[in-house]
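Visitor: Structure supplied as query.txt; contents: compact mmCIF, C-alpha atoms and all ligand atoms.
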# COMPACT_ATOMS: atom_id res chain seq x y z
CA MET G 1 -35.39 30.24 52.04
CA GLU G 2 -34.27 33.40 53.79
CA TYR G 3 -32.76 32.70 57.22
CA LYS G 4 -33.58 34.99 60.17
CA ASN G 5 -32.29 32.92 63.07
CA ILE G 6 -29.26 31.15 61.67
CA ILE G 7 -26.25 32.13 59.59
CA TYR G 8 -25.24 29.57 56.98
CA THR G 9 -21.86 29.54 55.27
CA LEU G 10 -19.96 27.10 53.07
CA GLU G 11 -16.23 27.36 52.47
CA ASN G 12 -13.86 24.74 51.05
CA GLY G 13 -16.32 21.92 51.70
CA ILE G 14 -16.91 22.98 55.32
CA ALA G 15 -20.51 24.07 55.93
CA LYS G 16 -21.39 26.00 59.06
CA ILE G 17 -24.72 26.68 60.78
CA GLU G 18 -24.47 29.40 63.39
CA ILE G 19 -27.56 29.68 65.58
CA ASN G 20 -28.20 33.41 65.95
CA ARG G 21 -31.08 34.34 68.28
CA PRO G 22 -29.16 36.26 70.95
CA LYS G 23 -32.28 37.77 72.57
CA ALA G 24 -33.62 34.30 73.40
CA PHE G 25 -30.30 32.66 74.30
CA ASN G 26 -30.46 30.91 70.91
CA ALA G 27 -33.60 29.00 71.96
CA LEU G 28 -35.00 26.85 69.17
CA ASN G 29 -38.43 28.13 68.13
CA THR G 30 -40.34 26.58 65.22
CA GLU G 31 -38.93 29.10 62.75
CA THR G 32 -35.35 28.28 63.78
CA ASN G 33 -36.05 24.54 63.60
CA ASN G 34 -37.45 24.98 60.08
CA GLU G 35 -34.38 26.91 59.00
CA ILE G 36 -32.06 24.22 60.40
CA GLU G 37 -34.05 21.54 58.59
CA ASP G 38 -33.84 23.49 55.33
CA VAL G 39 -30.04 23.57 55.56
CA VAL G 40 -29.81 19.91 56.56
CA ASP G 41 -31.98 18.96 53.56
CA ALA G 42 -29.79 21.04 51.24
CA ILE G 43 -26.62 19.44 52.61
CA THR G 44 -28.08 15.95 52.15
CA ASP G 45 -28.22 16.56 48.39
CA SER G 46 -25.04 18.60 48.04
CA PRO G 47 -21.84 17.13 46.62
CA ASP G 48 -20.00 20.31 47.74
CA VAL G 49 -20.28 19.72 51.49
CA ARG G 50 -17.76 17.43 53.21
CA VAL G 51 -18.28 18.41 56.86
CA LEU G 52 -20.90 20.37 58.82
CA ILE G 53 -20.14 22.45 61.92
CA ILE G 54 -23.03 23.61 64.12
CA THR G 55 -22.28 26.37 66.56
CA GLY G 56 -23.87 29.10 68.67
CA SER G 57 -22.29 32.30 69.94
CA SER G 58 -19.33 32.78 72.27
CA LYS G 59 -21.87 33.07 75.16
CA VAL G 60 -24.38 30.30 74.46
CA PHE G 61 -24.79 27.26 72.25
CA VAL G 62 -28.57 26.79 72.55
CA ALA G 63 -30.71 27.21 75.72
CA GLY G 64 -33.25 24.62 74.58
CA ALA G 65 -36.62 24.73 72.92
CA ASP G 66 -38.29 28.12 73.08
CA VAL G 67 -40.25 27.97 76.33
CA THR G 68 -42.50 30.87 75.25
CA GLU G 69 -43.85 28.62 72.45
CA LEU G 70 -44.02 25.51 74.64
CA ALA G 71 -45.87 27.25 77.48
CA GLU G 72 -49.03 27.56 75.36
CA ALA G 73 -48.90 24.03 73.92
CA ASN G 74 -51.64 21.44 74.41
CA PRO G 75 -50.80 17.70 74.18
CA ARG G 76 -51.47 17.68 70.44
CA ASP G 77 -49.12 20.67 69.89
CA ALA G 78 -46.53 18.99 72.13
CA TYR G 79 -46.80 15.76 70.14
CA ASN G 80 -46.34 17.63 66.85
CA ASN G 81 -43.45 19.58 68.34
CA CYS G 82 -41.81 16.34 69.42
CA CYS G 83 -42.31 14.78 65.95
CA LEU G 84 -40.72 17.82 64.30
CA ALA G 85 -37.69 17.73 66.62
CA HIS G 86 -37.27 13.97 66.17
CA ARG G 87 -37.47 14.33 62.39
CA ILE G 88 -34.88 17.12 62.19
CA PHE G 89 -32.39 15.56 64.60
CA LYS G 90 -32.72 12.17 62.91
CA LYS G 91 -31.95 13.83 59.57
CA LEU G 92 -28.99 15.59 61.18
CA GLU G 93 -27.71 12.35 62.70
CA ALA G 94 -28.12 10.53 59.38
CA LEU G 95 -26.25 13.10 57.28
CA GLN G 96 -23.64 11.32 55.19
CA VAL G 97 -21.02 13.87 56.13
CA PRO G 98 -19.58 14.20 59.64
CA VAL G 99 -21.17 16.81 61.90
CA ILE G 100 -19.29 18.69 64.64
CA ALA G 101 -20.98 20.69 67.41
CA ALA G 102 -18.74 23.59 68.46
CA ILE G 103 -19.95 24.66 71.88
CA CYS G 104 -19.55 27.57 74.30
CA GLY G 105 -21.85 28.26 77.23
CA PRO G 106 -25.28 26.81 78.07
CA THR G 107 -26.23 23.77 75.98
CA LEU G 108 -29.57 22.88 77.49
CA GLY G 109 -32.68 20.90 76.63
CA GLY G 110 -33.16 20.89 72.85
CA GLY G 111 -29.66 22.40 72.51
CA LEU G 112 -28.05 19.38 74.16
CA GLU G 113 -30.36 17.12 72.17
CA MET G 114 -29.16 18.76 68.94
CA ALA G 115 -25.52 18.36 70.03
CA LEU G 116 -26.20 14.68 70.80
CA SER G 117 -27.29 14.19 67.18
CA CYS G 118 -23.86 15.36 65.98
CA ASP G 119 -20.88 13.03 65.56
CA PHE G 120 -18.43 15.08 67.66
CA ARG G 121 -18.71 17.72 70.36
CA ILE G 122 -15.98 20.30 70.97
CA ALA G 123 -16.57 22.41 74.08
CA GLY G 124 -15.02 25.48 75.62
CA GLU G 125 -14.56 25.72 79.38
CA SER G 126 -17.83 27.68 79.70
CA GLY G 127 -19.82 24.72 78.32
CA LEU G 128 -22.77 23.90 80.57
CA PHE G 129 -24.84 20.83 79.78
CA GLY G 130 -28.25 19.87 81.06
CA LEU G 131 -31.76 18.66 80.37
CA PRO G 132 -33.79 21.01 82.58
CA GLU G 133 -37.17 19.86 81.21
CA ILE G 134 -37.99 18.06 84.49
CA THR G 135 -37.81 21.42 86.29
CA LEU G 136 -40.48 22.69 83.85
CA GLY G 137 -42.80 19.78 84.65
CA ILE G 138 -42.07 17.94 81.40
CA ILE G 139 -39.42 15.57 80.02
CA PRO G 140 -36.92 15.93 77.16
CA GLY G 141 -38.75 15.55 73.85
CA ALA G 142 -36.05 15.81 71.20
CA GLY G 143 -34.25 12.52 71.80
CA GLY G 144 -32.50 13.38 75.08
CA THR G 145 -33.81 10.43 77.10
CA GLN G 146 -32.54 8.05 74.41
CA ARG G 147 -29.37 9.48 72.88
CA LEU G 148 -27.84 10.69 76.16
CA ALA G 149 -28.36 7.31 77.87
CA LYS G 150 -26.82 5.54 74.87
CA LEU G 151 -23.81 7.85 74.90
CA ILE G 152 -22.96 8.14 78.60
CA GLY G 153 -24.97 5.28 80.15
CA ALA G 154 -28.37 5.24 81.81
CA SER G 155 -27.13 5.96 85.33
CA ARG G 156 -25.29 9.19 84.45
CA ALA G 157 -28.01 10.21 81.98
CA LYS G 158 -30.58 9.99 84.79
CA GLU G 159 -28.61 12.61 86.75
CA LEU G 160 -29.48 15.08 83.99
CA VAL G 161 -32.88 13.71 82.91
CA MET G 162 -34.38 12.99 86.36
CA LEU G 163 -32.48 15.20 88.79
CA GLY G 164 -32.19 18.06 86.32
CA ASN G 165 -28.50 18.40 87.16
CA ARG G 166 -26.31 20.59 84.98
CA ILE G 167 -22.74 19.51 84.35
CA ASP G 168 -19.77 21.63 83.39
CA ALA G 169 -17.55 21.00 80.38
CA ALA G 170 -14.87 19.14 82.36
CA THR G 171 -17.48 16.69 83.74
CA ALA G 172 -19.01 16.34 80.26
CA LYS G 173 -15.54 15.42 78.97
CA GLU G 174 -15.11 12.89 81.78
CA TYR G 175 -18.54 11.40 80.92
CA GLY G 176 -17.56 11.02 77.24
CA LEU G 177 -20.15 13.55 76.15
CA VAL G 178 -17.49 15.98 74.96
CA ASN G 179 -14.68 14.85 72.65
CA VAL G 180 -12.43 17.91 72.90
CA LEU G 181 -12.27 20.36 75.79
CA CYS G 182 -10.44 23.64 75.21
CA LYS G 183 -10.50 27.34 76.07
CA ASP G 184 -13.58 29.18 74.77
CA GLU G 185 -11.51 31.25 72.39
CA GLU G 186 -10.06 28.06 70.84
CA VAL G 187 -13.41 26.32 70.11
CA ALA G 188 -13.83 27.65 66.55
CA GLU G 189 -10.20 26.85 65.71
CA GLU G 190 -10.44 23.31 67.14
CA ALA G 191 -13.65 22.70 65.17
CA GLN G 192 -12.00 23.96 61.99
CA LYS G 193 -8.94 21.75 62.62
CA MET G 194 -11.14 18.68 63.12
CA ALA G 195 -13.20 19.57 60.03
CA GLU G 196 -10.06 19.93 57.89
CA LYS G 197 -8.76 16.59 59.16
CA LEU G 198 -12.08 14.94 58.25
CA CYS G 199 -11.95 16.57 54.79
CA LYS G 200 -8.66 14.76 54.18
CA ARG G 201 -10.23 11.36 54.90
CA PRO G 202 -11.69 9.42 51.94
CA ALA G 203 -15.32 10.61 51.80
CA ILE G 204 -16.92 7.29 50.85
CA ALA G 205 -15.13 5.24 53.51
CA LEU G 206 -15.87 8.00 56.01
CA LYS G 207 -19.58 7.78 55.17
CA PHE G 208 -19.48 3.98 55.54
CA ALA G 209 -17.66 4.26 58.88
CA LYS G 210 -20.29 6.67 60.24
CA GLU G 211 -23.14 4.52 58.93
CA CYS G 212 -21.70 1.40 60.58
CA VAL G 213 -21.23 3.00 64.00
CA ASN G 214 -24.69 4.63 63.95
CA PHE G 215 -26.42 1.51 62.66
CA GLY G 216 -24.68 -0.78 65.15
CA ALA G 217 -25.54 1.46 68.10
CA ASN G 218 -29.18 0.47 67.72
CA MET G 219 -28.71 -3.22 66.76
CA ASN G 220 -27.49 -6.47 68.27
CA LEU G 221 -23.88 -7.44 67.52
CA ASP G 222 -24.64 -9.95 64.75
CA THR G 223 -26.84 -7.52 62.82
CA GLY G 224 -24.22 -4.80 63.22
CA LEU G 225 -21.46 -7.13 62.03
CA GLU G 226 -23.51 -8.05 58.94
CA PHE G 227 -23.88 -4.36 58.15
CA GLU G 228 -20.13 -3.83 58.67
CA LYS G 229 -19.43 -6.69 56.26
CA SER G 230 -21.47 -5.05 53.52
CA ARG G 231 -19.84 -1.64 53.92
CA PHE G 232 -16.32 -3.11 54.33
CA SER G 233 -16.63 -4.97 51.02
CA LEU G 234 -18.18 -1.98 49.25
CA ALA G 235 -15.18 0.14 50.24
CA PHE G 236 -13.08 -2.08 47.95
CA ASN G 237 -15.10 -0.71 45.05
CA THR G 238 -13.60 2.77 45.48
CA ALA G 239 -10.61 4.44 43.85
CA ASP G 240 -9.60 5.63 47.32
CA GLN G 241 -9.09 2.04 48.52
CA LYS G 242 -6.64 1.46 45.65
CA GLU G 243 -4.91 4.78 46.30
CA GLY G 244 -4.79 4.33 50.09
CA MET G 245 -3.09 0.94 49.88
CA LYS G 246 -0.78 1.96 47.02
CA ALA G 247 0.35 5.00 49.05
CA PHE G 248 0.97 2.75 52.06
CA PHE G 249 3.42 0.57 50.10
CA GLU G 250 5.03 3.60 48.45
CA LYS G 251 5.47 5.14 51.94
CA ARG G 252 3.73 8.42 51.02
CA LYS G 253 0.54 10.23 51.99
CA PRO G 254 -2.50 9.14 49.93
CA ASN G 255 -4.10 11.53 47.44
CA PHE G 256 -7.73 10.65 47.95
CA THR G 257 -10.17 11.73 45.23
CA HIS G 258 -13.28 10.76 47.22
CA LYS G 259 -14.36 8.37 44.48
N1 LIG D 301 -36.71 29.75 75.77
C1 LIG D 301 -37.09 31.03 75.74
N2 LIG D 301 -36.39 32.02 76.31
C2 LIG D 301 -35.27 31.69 76.95
C3 LIG D 301 -34.81 30.36 77.03
C4 LIG D 301 -35.58 29.37 76.39
N3 LIG D 301 -35.21 28.08 76.38
N4 LIG D 301 -33.67 30.34 77.74
C5 LIG D 301 -33.40 31.60 78.09
N5 LIG D 301 -34.38 32.43 77.63
C6 LIG D 301 -34.51 33.87 77.80
C7 LIG D 301 -34.97 34.21 79.21
O1 LIG D 301 -36.36 34.09 79.34
C8 LIG D 301 -34.51 35.63 79.31
O2 LIG D 301 -35.39 36.48 78.62
P1 LIG D 301 -35.70 37.97 79.16
O3 LIG D 301 -34.39 38.69 79.07
O4 LIG D 301 -36.75 38.46 78.23
O5 LIG D 301 -36.17 37.78 80.58
C9 LIG D 301 -33.19 35.62 78.54
O6 LIG D 301 -33.25 34.48 77.67
C10 LIG D 301 -32.01 35.48 79.45
O7 LIG D 301 -32.25 34.40 80.36
P2 LIG D 301 -31.89 34.52 81.91
O8 LIG D 301 -32.36 35.80 82.47
O9 LIG D 301 -32.38 33.26 82.57
O10 LIG D 301 -30.31 34.58 81.81
P3 LIG D 301 -29.22 33.82 82.70
O11 LIG D 301 -27.90 34.27 82.16
O12 LIG D 301 -29.48 33.99 84.15
O13 LIG D 301 -29.41 32.26 82.38
C11 LIG D 301 -29.73 30.31 81.02
C12 LIG D 301 -29.28 31.77 81.06
C13 LIG D 301 -28.75 29.48 81.85
C14 LIG D 301 -29.68 29.87 79.58
C15 LIG D 301 -31.16 30.21 81.63
O14 LIG D 301 -32.01 31.10 80.93
C16 LIG D 301 -31.71 28.82 81.54
O15 LIG D 301 -31.43 27.99 82.36
N6 LIG D 301 -32.48 28.51 80.49
C17 LIG D 301 -32.97 27.12 80.40
C18 LIG D 301 -34.21 27.14 79.66
C19 LIG D 301 -34.76 25.73 79.64
O16 LIG D 301 -35.43 25.29 80.56
N7 LIG D 301 -34.52 24.99 78.49
C20 LIG D 301 -35.18 23.76 78.21
C21 LIG D 301 -36.38 24.06 77.35
S1 LIG D 301 -37.48 22.74 77.16
C22 LIG D 301 -36.85 21.82 75.90
O17 LIG D 301 -35.77 22.07 75.39
C23 LIG D 301 -37.75 20.70 75.44
C24 LIG D 301 -37.12 19.75 74.48
O18 LIG D 301 -36.76 18.65 74.83
C25 LIG D 301 -37.00 20.07 73.05
Take the structure from the file and write it as structure tokens.

Guide:
Amino acid sequence: MEYKNIIYTLENGIAKIEINRPKAFNALNTETNNEIEDVVDAITDSPDVRVLIITGSSKVFVAGADVTELAEANPRDAYNNCCLAHRIFKKLEALQVPVIAAICGPTLGGGLEMALSCDFRIAGESGLFGLPEITLGIIPGAGGTQRLAKLIGASRAKELVMLGNRIDAATAKEYGLVNVLCKDEEVAEEAQKMAEKLCKRPAIALKFAKECVNFGANMNLDTGLEFEKSRFSLAFNTADQKEGMKAFFEKRKPNFTHK
């Protein structure tokens, strides 16, 4: 597939999707969503990718779904639109490799919802977060009402979802929405540093760790603990478990082979 609205690169195991629709503040139209899904599908099957970074430009991450498309939608179109967004962001969330959102500027509506489907969010000081759908007479339809409340709590989430408030990067950090807050010009470097650190972790255990946290977030404690048990024991079937513990006793850094 030829990409018109995103730039995709892969270097040393670190894949990067750069949303590139400057004229529309990187708004996610159907074509852009399809391109993102195509990359996510390719990454799902690729042994070459160890980490994914999703980013926008130095001015904007993503200003939401494309309102020009939404304005003409009837309920059936809106339903289909919602299904598409849910499908893509669920695939993104379920990727076996870690996903980092590297953010500068407005991260609104579908843009925040995409960032919420990532494992980590790194934001520059210009980061601006909100779910302005309520001001358009609708509600978030790409997971925002669910994932944001789970991440920062229902009360704070309602400030964005119901009041339509926008919060700056420092507040987002305080709320636990942002993992790393830095200067705008340091965002790419911080994302690269985090990606390289994740690349050094044993890939299979890393995948299990992500699966356990994501699974448990939507389960009761006992079900989550059962799942943890299964993944914990499976980790002892890997060469990296042997190497990690051997290196510990030999007081050296482990040489993980991701097997
Ligand atoms: N869709 C389509 N076009 C958009 C857009 C969007 N989401 N966001 C910005 N644009 C366009 C504007 O229409 C404008 O186009 P023109 O130059 O042709 O007029 C251009 O980008 C620049 O926008 P502004 O003039 O508003 O620039 P600004 O610097 O004053 O503000 C902004 C930038 C803060 C991003 C502001 O545009 C804004 O608040 N956008 C929010 C849009 C929004 O409501 N997003 C939620 C969409 S609904 C959704 O996402 C549903 C869902 O759950 C999936």

Visitor: Could you please determine the separation between atom CA of Ala142 of chain G and atom CA of Gly127 of chain G in Å, to one decimal place?

Guide: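 Taking atom CA of Ala142 of chain G as the start and atom CA of Gly127 of chain G as the end point, the length is 19.8 Å.
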
Visitor: For ligand LIG 301 (chain D), list the contacting residues at 10 Å or closer, counting all atoms listed in the file, as a VMD selection string.

Guide: chain G and resid 21 to 29 59 to 71 78 81 to 82 84 to 86 105 to 114 128 to 145 164 166

Visitor: Near Arg231 of chain G, counting all atoms listed in the file, which residues have an atom at most 12 Å away, once you skip same-chain residues fewer than 4 positions from it, shown as an mmCIF file with C-alpha atoms, keeping the file's coordinate frame?

Guide:
data_model
loop_
_atom_site.group_PDB
_atom_site.id
_atom_site.type_symbol
_atom_site.label_atom_id
_atom_site.label_comp_id
_atom_site.auth_asym_id
_atom_site.auth_seq_id
_atom_site.Cartn_x
_atom_site.Cartn_y
_atom_site.Cartn_z
ATOM 1 C CA ILE G 204 -16.920 7.290 50.850
ATOM 2 C CA ALA G 205 -15.130 5.240 53.510
ATOM 3 C CA LEU G 206 -15.870 8.000 56.010
ATOM 4 C CA LYS G 207 -19.580 7.780 55.170
ATOM 5 C CA PHE G 208 -19.480 3.980 55.540
ATOM 6 C CA ALA G 209 -17.660 4.260 58.880
ATOM 7 C CA LYS G 210 -20.290 6.670 60.240
ATOM 8 C CA GLU G 211 -23.140 4.520 58.930
ATOM 9 C CA CYS G 212 -21.700 1.400 60.580
ATOM 10 C CA VAL G 213 -21.230 3.000 64.000
ATOM 11 C CA PHE G 215 -26.420 1.510 62.660
ATOM 12 C CA GLY G 224 -24.220 -4.800 63.220
ATOM 13 C CA LEU G 225 -21.460 -7.130 62.030
ATOM 14 C CA GLU G 226 -23.510 -8.050 58.940
ATOM 15 C CA PHE G 227 -23.880 -4.360 58.150
ATOM 16 C CA ALA G 235 -15.180 0.140 50.240
ATOM 17 C CA PHE G 236 -13.080 -2.080 47.950
ATOM 18 C CA ASN G 237 -15.100 -0.710 45.050
ATOM 19 C CA THR G 238 -13.600 2.770 45.480
#

Visitor: Restricting the calculation to only C-alpha atoms, which member of G:Val187, G:Val178, G:Ile36, G:Val97 is positioned closest to Asn20 of chain G?

Guide: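 Among the listed residues, the smallest separation from Asn20 of chain G belongs to G:Ile36.
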
Visitor: Using only C-alpha atoms, which residues sit within 12 Å of Ala170 of chain G once same-chain residues fewer than 6 positions away are excluded, as number ranges by chain?

Guide: G: 122-129, 176-183

Visitor: If we count all atoms listed in the file, what is near segment 12-15 of chain G at a cut-off of 7 Å, once residues fewer than 6 positions away on the same chain are taken out, given as JSON, numbers by chain?

Guide: {"G": [48, 49, 50, 51, 52, 53, 195]}

Visitor: List the neighbours of Ala115 of chain G out to 9 Å using only C-alpha atoms; skip same-chain residues closer than 6 positions along the sequence, and give me the result as a list in words.

Guide: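 Listed by chain and then number, they are Ile54, Ile100, Ala101, Ala102, Ile103, Thr107 and Arg121 of chain G.
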
Visitor: Give me, please, the distance in Å between atom CA of Cys199 of chain G and atom CA of Ile88 of chain G, quoted to one decimal.

Guide: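 Separation of atom CA of Cys199 of chain G and atom CA of Ile88 of chain G: 24.1 Å.
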
Visitor: Suppose you want the space between atom CA of Ala157 of chain G and atom CA of Glu186 of chain G; what is it in Å?

Guide: 27.7 Å

Visitor: For Ala203 of chain G, which residue out of G:Arg147, G:Lys251, G:Lys259, G:Lys158 is the nearest one, using all atoms listed in the file?

Guide: G:Lys259

Visitor: Quick one: of G:Tyr79, G:Asn220, G:Pro202, G:Asp119, who's nearest to Phe256 of chain G, counting all atoms listed in the file?

Guide: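 Checking each candidate against Phe256 of chain G, we get G:Pro202 as the closest.
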
Visitor: Which residues come within 8 Å of Ser58 of chain G, counting only C-alpha atoms, excluding same-chain residues fewer than 4 positions away, as number ranges by chain?

Guide: G: 104-105, 184-185

Visitor: Taking all atoms of segment 121-139 of chain G that appear in the file, build a box with edges along x, y and z, extend it by 8 Å on every side, and state its centre and edge lengths in Å to one decimal, as lines of an AutoDock Vina configuration file.

Guide:
center_x = -28.7
center_y = 21.6
center_z = 78.3
size_x = 44.2
size_y = 28.1
size_z = 31.9

Visitor: Taking into account only C-alpha atoms, which residue in the set G:Ala42, G:Met1, G:Lys90, G:Pro98 is nearest to Glu196 of chain G?

Guide: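 Closest candidate: G:Pro98.
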